[in-house]
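Student: Below is query14.pdb; it holds PDB, C-alpha atoms.
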ATOM      1  CA  MET A 610     -70.534  62.090 -91.033
ATOM      2  CA  LYS A 611     -70.304  63.174 -87.385
ATOM      3  CA  ASN A 612     -73.220  63.158 -84.984
ATOM      4  CA  ARG A 613     -74.230  64.104 -81.444
ATOM      5  CA  LEU A 614     -76.206  60.956 -80.791
ATOM      6  CA  LYS A 615     -74.229  59.789 -77.780
ATOM      7  CA  VAL A 616     -74.407  63.208 -76.110
ATOM      8  CA  LEU A 617     -78.124  63.616 -76.757
ATOM      9  CA  ARG A 618     -78.812  60.108 -75.491
ATOM     10  CA  ALA A 619     -76.769  60.732 -72.354
ATOM     11  CA  GLU A 620     -78.632  64.002 -71.705
ATOM     12  CA  ARG A 621     -81.877  62.023 -71.614
ATOM     13  CA  ASP A 622     -80.315  59.184 -69.633
ATOM     14  CA  TRP A 623     -81.429  56.713 -72.275
ATOM     15  CA  THR A 624     -79.722  53.375 -72.843
ATOM     16  CA  GLN A 625     -78.783  52.260 -76.349
ATOM     17  CA  ALA A 626     -81.523  49.632 -76.067
ATOM     18  CA  ARG A 627     -84.116  52.319 -75.225
ATOM     19  CA  LEU A 628     -83.065  54.451 -78.196
ATOM     20  CA  ALA A 629     -83.058  51.361 -80.435
ATOM     21  CA  THR A 630     -86.644  50.649 -79.394
ATOM     22  CA  GLU A 631     -87.649  54.279 -80.045
ATOM     23  CA  LEU A 632     -86.150  54.095 -83.534
ATOM     24  CA  ASP A 633     -87.237  50.503 -84.275
ATOM     25  CA  VAL A 634     -83.659  49.466 -85.080
ATOM     26  CA  SER A 635     -81.205  47.064 -83.446
ATOM     27  CA  ARG A 636     -78.906  48.074 -80.591
ATOM     28  CA  GLN A 637     -76.041  47.193 -82.934
ATOM     29  CA  THR A 638     -77.287  49.913 -85.299
ATOM     30  CA  VAL A 639     -77.431  52.519 -82.518
ATOM     31  CA  ASN A 640     -73.905  51.560 -81.467
ATOM     32  CA  ALA A 641     -72.611  51.763 -85.054
ATOM     33  CA  LEU A 642     -74.264  55.180 -85.484
ATOM     34  CA  GLU A 643     -72.811  56.560 -82.263
ATOM     35  CA  THR A 644     -69.303  55.415 -83.087
ATOM     36  CA  GLY A 645     -69.582  56.869 -86.597
ATOM     37  CA  ARG A 646     -69.105  53.503 -88.295
ATOM     38  CA  TYR A 647     -72.454  53.711 -90.030
ATOM     39  CA  ASP A 648     -74.361  56.641 -91.549
ATOM     40  CA  PRO A 649     -78.146  56.374 -91.343
ATOM     41  CA  SER A 650     -80.552  56.478 -94.259
ATOM     42  CA  LEU A 651     -82.552  59.687 -94.647
ATOM     43  CA  PRO A 652     -85.747  58.146 -93.162
ATOM     44  CA  LEU A 653     -83.780  56.950 -90.116
ATOM     45  CA  ALA A 654     -82.108  60.355 -89.761
ATOM     46  CA  PHE A 655     -85.576  61.961 -89.679
ATOM     47  CA  LYS A 656     -86.697  59.421 -87.055
ATOM     48  CA  ILE A 657     -83.648  60.269 -84.933
ATOM     49  CA  ALA A 658     -84.316  63.993 -85.288
ATOM     50  CA  ASP A 659     -87.928  63.405 -84.279
ATOM     51  CA  ALA A 660     -86.929  61.281 -81.263
ATOM     52  CA  PHE A 661     -84.624  64.001 -79.918
ATOM     53  CA  GLY A 662     -86.716  66.957 -81.033
ATOM     54  CA  TYR A 663     -83.952  68.618 -83.042
ATOM     55  CA  PRO A 664     -83.592  69.336 -86.758
ATOM     56  CA  ILE A 665     -81.366  66.859 -88.592
ATOM     57  CA  GLU A 666     -78.594  69.402 -89.165
ATOM     58  CA  GLU A 667     -78.237  69.944 -85.419
ATOM     59  CA  ILE A 668     -77.596  66.254 -84.878
ATOM     60  CA  PHE A 669     -75.604  65.324 -87.981
ATOM     61  CA  ARG A 670     -72.929  67.248 -89.795
ATOM     62  CA  PRO A 671     -70.481  66.280 -92.526
ATOM     63  CA  ASP A 672     -66.886  65.458 -91.622
ATOM     64  CA  ARG A 673     -65.742  68.479 -93.655
ATOM     65  CA  GLU A 674     -67.949  71.533 -93.859
ATOM     66  CA  ASP A 675     -66.010  73.093 -96.712
ATOM     67  CA  GLY A 676     -68.568  72.352 -99.436
TER      68      GLY A 676
ATOM     69  CA  MET B 154     -85.818  40.285 -71.675
ATOM     70  CA  GLU B 155     -83.407  37.475 -72.533
ATOM     71  CA  HIS B 156     -83.751  35.775 -75.898
ATOM     72  CA  ARG B 157     -82.360  32.438 -77.017
ATOM     73  CA  GLN B 158     -79.990  32.887 -79.891
ATOM     74  CA  THR B 159     -80.534  30.976 -83.126
ATOM     75  CA  LEU B 160     -77.693  28.999 -84.682
ATOM     76  CA  TRP B 161     -77.648  31.542 -87.474
ATOM     77  CA  GLY B 162     -77.489  34.365 -84.938
ATOM     78  CA  ALA B 163     -74.681  32.639 -83.079
ATOM     79  CA  LEU B 164     -72.826  32.086 -86.337
ATOM     80  CA  THR B 165     -73.104  35.711 -87.371
ATOM     81  CA  CYS B 166     -72.880  37.181 -83.865
ATOM     82  CA  ALA B 167     -75.604  39.431 -85.263
ATOM     83  CA  ASP B 168     -78.234  38.772 -82.622
ATOM     84  CA  GLN B 169     -76.962  41.576 -80.395
ATOM     85  CA  GLY B 170     -80.101  43.516 -79.585
ATOM     86  CA  LEU B 171     -81.943  42.625 -82.761
ATOM     87  CA  THR B 172     -85.450  43.996 -83.037
ATOM     88  CA  ASP B 173     -88.203  41.526 -82.148
ATOM     89  CA  ARG B 174     -89.340  41.503 -85.786
ATOM     90  CA  ASP B 175     -85.839  40.657 -87.077
ATOM     91  CA  ARG B 176     -85.340  38.011 -84.409
ATOM     92  CA  ARG B 177     -88.673  36.394 -85.304
ATOM     93  CA  ASN B 178     -87.889  36.500 -89.033
ATOM     94  CA  GLN B 179     -84.414  35.118 -88.344
ATOM     95  CA  TRP B 180     -85.870  32.160 -86.435
ATOM     96  CA  VAL B 181     -88.302  31.432 -89.269
ATOM     97  CA  ALA B 182     -85.558  31.691 -91.920
ATOM     98  CA  THR B 183     -83.277  29.419 -89.870
ATOM     99  CA  GLY B 184     -86.105  26.889 -89.528
ATOM    100  CA  TRP B 185     -86.775  26.855 -93.269
ATOM    101  CA  SER B 186     -83.043  26.536 -94.019
ATOM    102  CA  PHE B 187     -82.796  23.506 -91.724
ATOM    103  CA  ALA B 188     -85.925  22.035 -93.282
ATOM    104  CA  TRP B 189     -84.344  22.428 -96.732
ATOM    105  CA  MET B 190     -81.114  20.767 -95.552
ATOM    106  CA  LEU B 191     -82.996  17.870 -93.958
ATOM    107  CA  THR B 192     -85.214  17.257 -96.988
ATOM    108  CA  PHE B 193     -82.164  17.472 -99.266
ATOM    109  CA  LEU B 194     -80.247  14.922 -97.156
ATOM    110  CA  ALA B 195     -83.293  12.642 -96.941
ATOM    111  CA  ALA B 196     -83.915  12.850-100.698
ATOM    112  CA  THR B 197     -80.223  12.156-101.446
ATOM    113  CA  LEU B 198     -80.305   9.114 -99.162
ATOM    114  CA  LEU B 199     -83.540   7.769-100.638
ATOM    115  CA  ILE B 200     -82.319   8.187-104.220
ATOM    116  CA  GLU B 201     -78.789   6.851-103.667
ATOM    117  CA  LYS B 202     -80.006   3.801-101.739
ATOM    118  CA  GLU B 203     -82.675   3.268-104.422
ATOM    119  CA  LEU B 204     -85.389   3.155-101.792
ATOM    120  CA  VAL B 205     -87.900   4.837-104.113
ATOM    121  CA  SER B 206     -88.726   4.324-107.746
ATOM    122  CA  GLY B 207     -91.103   5.405-110.490
ATOM    123  CA  ASN B 208     -93.209   8.519-109.929
ATOM    124  CA  ALA B 209     -92.269   8.652-106.233
ATOM    125  CA  LEU B 210     -88.672   9.286-107.321
ATOM    126  CA  TRP B 211     -89.725  12.546-108.988
ATOM    127  CA  GLY B 212     -91.675  13.561-105.912
ATOM    128  CA  VAL B 213     -88.713  12.879-103.637
ATOM    129  CA  ALA B 214     -86.423  14.846-105.936
ATOM    130  CA  LEU B 215     -88.800  17.824-106.034
ATOM    131  CA  VAL B 216     -89.549  18.168-102.312
ATOM    132  CA  PRO B 217     -86.198  19.785-101.333
ATOM    133  CA  THR B 218     -86.527  22.275-104.176
ATOM    134  CA  ILE B 219     -90.039  23.269-103.097
ATOM    135  CA  VAL B 220     -88.892  23.660 -99.482
ATOM    136  CA  GLY B 221     -85.843  25.578-100.773
ATOM    137  CA  VAL B 222     -88.053  28.052-102.627
ATOM    138  CA  GLY B 223     -89.958  28.565 -99.376
ATOM    139  CA  ALA B 224     -86.640  29.229 -97.597
ATOM    140  CA  ILE B 225     -85.675  31.790-100.249
ATOM    141  CA  LEU B 226     -88.994  33.637 -99.877
ATOM    142  CA  VAL B 227     -88.756  33.652 -96.081
ATOM    143  CA  TYR B 228     -85.153  34.897 -96.219
ATOM    144  CA  ARG B 229     -86.202  37.596 -98.685
ATOM    145  CA  ARG B 230     -88.908  38.746 -96.271
ATOM    146  CA  PHE B 231     -86.306  38.884 -93.487
ATOM    147  CA  LEU B 232     -84.084  40.998 -95.742
ATOM    148  CA  VAL B 233     -86.872  43.391 -96.789
ATOM    149  CA  GLN B 234     -88.101  43.924 -93.221
ATOM    150  CA  ALA B 235     -84.649  43.923 -91.593
ATOM    151  CA  ASP B 236     -83.134  46.777 -89.663
ATOM    152  CA  GLU B 237     -81.124  48.843 -92.179
ATOM    153  CA  LEU B 238     -77.664  47.979 -90.813
ATOM    154  CA  GLN B 239     -78.580  44.294 -90.751
ATOM    155  CA  ARG B 240     -79.732  44.624 -94.374
ATOM    156  CA  LYS B 241     -76.467  46.306 -95.360
ATOM    157  CA  ILE B 242     -74.470  43.485 -93.728
ATOM    158  CA  GLN B 243     -76.588  40.795 -95.390
ATOM    159  CA  LEU B 244     -76.460  42.423 -98.836
ATOM    160  CA  GLY B 245     -72.685  42.804 -98.658
ATOM    161  CA  ALA B 246     -72.349  39.146 -97.720
ATOM    162  CA  LEU B 247     -74.763  38.050-100.465
ATOM    163  CA  ALA B 248     -72.755  40.042-103.037
ATOM    164  CA  SER B 249     -69.547  38.305-101.893
ATOM    165  CA  GLY B 250     -71.185  34.878-101.978
ATOM    166  CA  PHE B 251     -72.774  35.426-105.378
ATOM    167  CA  GLY B 252     -69.524  36.800-106.829
ATOM    168  CA  VAL B 253     -67.509  33.847-105.603
ATOM    169  CA  ALA B 254     -70.126  31.405-106.959
ATOM    170  CA  LEU B 255     -70.154  33.108-110.365
ATOM    171  CA  VAL B 256     -66.390  33.495-110.729
ATOM    172  CA  GLY B 257     -65.858  30.040-109.201
ATOM    173  CA  SER B 258     -68.257  28.352-111.637
ATOM    174  CA  PHE B 259     -66.577  29.770-114.727
ATOM    175  CA  GLY B 260     -63.097  29.332-113.228
ATOM    176  CA  LEU B 261     -63.670  25.674-112.416
ATOM    177  CA  GLU B 262     -65.116  25.096-115.886
ATOM    178  CA  LEU B 263     -61.920  26.487-117.428
ATOM    179  CA  ILE B 264     -59.761  24.366-115.120
ATOM    180  CA  GLU B 265     -61.843  21.333-116.049
ATOM    181  CA  GLU B 266     -61.369  22.013-119.763
ATOM    182  CA  ALA B 267     -57.671  22.712-119.394
ATOM    183  CA  GLY B 268     -56.687  19.892-117.093
ATOM    184  CA  GLY B 269     -59.440  17.382-117.354
ATOM    185  CA  PHE B 270     -60.306  17.557-113.656
ATOM    186  CA  GLY B 271     -63.939  16.836-112.991
ATOM    187  CA  PHE B 272     -65.842  19.016-110.554
ATOM    188  CA  ALA B 273     -69.322  18.548-109.161
ATOM    189  CA  LEU B 274     -71.849  21.157-110.275
ATOM    190  CA  SER B 275     -72.217  22.257-106.650
ATOM    191  CA  ALA B 276     -68.446  22.653-106.108
ATOM    192  CA  PRO B 277     -68.442  26.495-106.296
ATOM    193  CA  MET B 278     -71.173  26.614-103.643
ATOM    194  CA  ILE B 279     -68.783  25.685-100.839
ATOM    195  CA  PRO B 280     -66.439  28.687-101.343
ATOM    196  CA  ALA B 281     -69.527  30.840-101.977
ATOM    197  CA  ILE B 282     -71.045  29.891 -98.625
ATOM    198  CA  LEU B 283     -67.667  30.443 -96.965
ATOM    199  CA  ALA B 284     -67.398  33.874 -98.598
ATOM    200  CA  TYR B 285     -70.902  34.724 -97.332
ATOM    201  CA  VAL B 286     -70.087  33.660 -93.771
ATOM    202  CA  ILE B 287     -66.708  35.440 -93.744
ATOM    203  CA  ALA B 288     -68.278  38.644 -95.115
ATOM    204  CA  ILE B 289     -70.936  38.521 -92.366
ATOM    205  CA  LEU B 290     -68.319  38.020 -89.650
ATOM    206  CA  VAL B 291     -66.132  40.850 -91.003
ATOM    207  CA  SER B 292     -69.109  43.239 -91.224
ATOM    208  CA  VAL B 293     -70.426  42.378 -87.771
ATOM    209  CA  ARG B 294     -66.962  43.004 -86.340
ATOM    210  CA  ARG B 295     -66.679  46.242 -88.305
ATOM    211  CA  PHE B 296     -69.978  47.656 -87.097
ATOM    212  CA  SER B 297     -69.823  46.397 -83.486
TER     213      SER B 297
END
Turn this file's structure into structure tokens for me.

Tutor:
Amino acid sequence: MKNRLKVLRAERDWTQARLATELDVSRQTVNALETGRYDPSLPLAFKIADAFGYPIEEIFRPDREDG
Amino acid sequence: MEHRQTLWGALTCADQGLTDRDRRNQWVATGWSFAWMLTFLAATLLIEKELVSGNALWGVALVPTIVGVGAILVYRRFLVQADELQRKIQLGALASGFGVALVGSFGLELIEEAGGFGFALSAPMIPAILAYVIAILVSVRRFS
């Protein structure tokens, strides 16, 4: 899954640590999400969407949108 | 704010920006694990050197197990409350450790029957712990 986490975070001038605190996860998790090494659970995806004020589908999209 | 890293955290390199809750739970779990190790070593020493006898012997033998159950419960709480990536890493490592222990136990039993080599009951635990540690290190590297 691809995401716009890094871009959205940069737009707000937030550090990974700040976002981690907002989401109540570790900085390692934020880093893994941003680099696409880890896909979040649905509850965490909703938390992320809430933190940035966007719907989930505007932040995350599948690698292939041919489904 | 700087935090001191636990031995467990240092071992797993997993203390990078852990949440306060996970760090606290990790410290508690590390403490209980050390307590279990110390009571186990003390009990082994007391029993082997025959420093206790009678009913006290049973007490000494039971203490490490009771402390060990406490360590399991504390670790389980850490796992349940852990950040989801941390939980994924831990569960993967536990699966590796458990698999190695299971396969190792039966494998060593077969080797023992075939060749007559005697193994201690705890022999498969060493590769199991190694498998757990290696799986943690691989996962931490993968997700960092």

Student: Please give the centre and size of the box around stretch 613-624 of chain A (axis-aligned, containing every atom listed in the file, 3 Å added per side), with values in Å to one decimal and written as AutoDock Vina command-line options.

Tutor:
--center_x -78.1 --center_y 58.7 --center_z -75.5 --size_x 13.6 --size_y 16.7 --size_z 17.8

Student: Residues of chain B within 8 Å of chain A, counting all atoms listed in the file, what are they? List them as a ChimeraX atom specification.

Tutor: /B:169-172,236-239,295-297

Student: Please provide as a CSV table (one decimal) with C-alpha atoms, in the frame of the given file all residues within 12 Å of A:Leu651, with the sequence filter that same-chain residues fewer than 4 positions apart are discarded (counting only C-alpha atoms).

Tutor:
chain,number,residue,atom,x,y,z
A,655,PHE,CA,-85.6,62.0,-89.7
A,656,LYS,CA,-86.7,59.4,-87.1
A,657,ILE,CA,-83.6,60.3,-84.9
A,658,ALA,CA,-84.3,64.0,-85.3
A,665,ILE,CA,-81.4,66.9,-88.6
A,666,GLU,CA,-78.6,69.4,-89.2
A,669,PHE,CA,-75.6,65.3,-88.0
B,237,GLU,CA,-81.1,48.8,-92.2

Student: At what distance in Å, to one decimal, does atom CA of A:Ala654 lie from atom CA of A:Arg673?

Tutor: 18.7 Å

Student: Can you translate the PyMOL selection byres ((chain B and resi 247-263) around 8) into the concrete residues it hits in this file, as a list in words?

Tutor: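 So the PyMOL selection byres ((chain B and resi 247-263) around 8) ends up selecting Gln243, Leu244, Gly245, Ala246, Ile264, Glu265, Glu266, Ala267, Phe272, Ala276, Pro277, Met278, Pro280, Ala281, Ile282, Leu283, Ala284, Tyr285 and Ala288 of chain B.
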
Student: Please indicate the distance in Å from atom CA of B:Phe231 to atom CA of B:Arg176, rounded to one decimal place.

Tutor: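 According to the coordinates, atom CA of B:Phe231 and atom CA of B:Arg176 are separated by 9.2 Å.
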
Student: I'd like the neighbourhood of B:Leu215 as a ChimeraX atom specification, where a residue qualifies if any of its atoms comes within 12 Å (using only C-alpha atoms), though same-chain residues fewer than 2 positions away should be ignored.

Tutor: /B:189,192-193,195-197,200,208-213,217-222

Student: As an exercise, work out the distance from atom CA of B:Leu199 to atom CA of B:Ser186 in Å and give it to one decimal place.

Tutor: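 According to the coordinates, atom CA of B:Leu199 and atom CA of B:Ser186 are separated by 19.9 Å.
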
Student: Any chance you could work out the residue set of the PyMOL selection byres ((chain A and resi 661) around 12) here, as a list of chain:residue names?

Tutor: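 Applied to this file, the PyMOL selection byres ((chain A and resi 661) around 12) returns A:Arg613, A:Leu614, A:Lys615, A:Val616, A:Leu617, A:Arg618, A:Ala619, A:Glu620, A:Arg621, A:Trp623, A:Leu628, A:Glu631, A:Leu632, A:Ala654, A:Phe655, A:Lys656, A:Ile657, A:Ala658, A:Asp659, A:Ala660, A:Gly662, A:Tyr663, A:Pro664, A:Ile665, A:Glu667, A:Ile668.
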
Student: Would you mind telling me which residue in B:Ala214, B:Val181, B:Gln234, B:Ile289 lies nearest to B:Leu198 when using all atoms listed in the file?

Tutor: B:Ala214
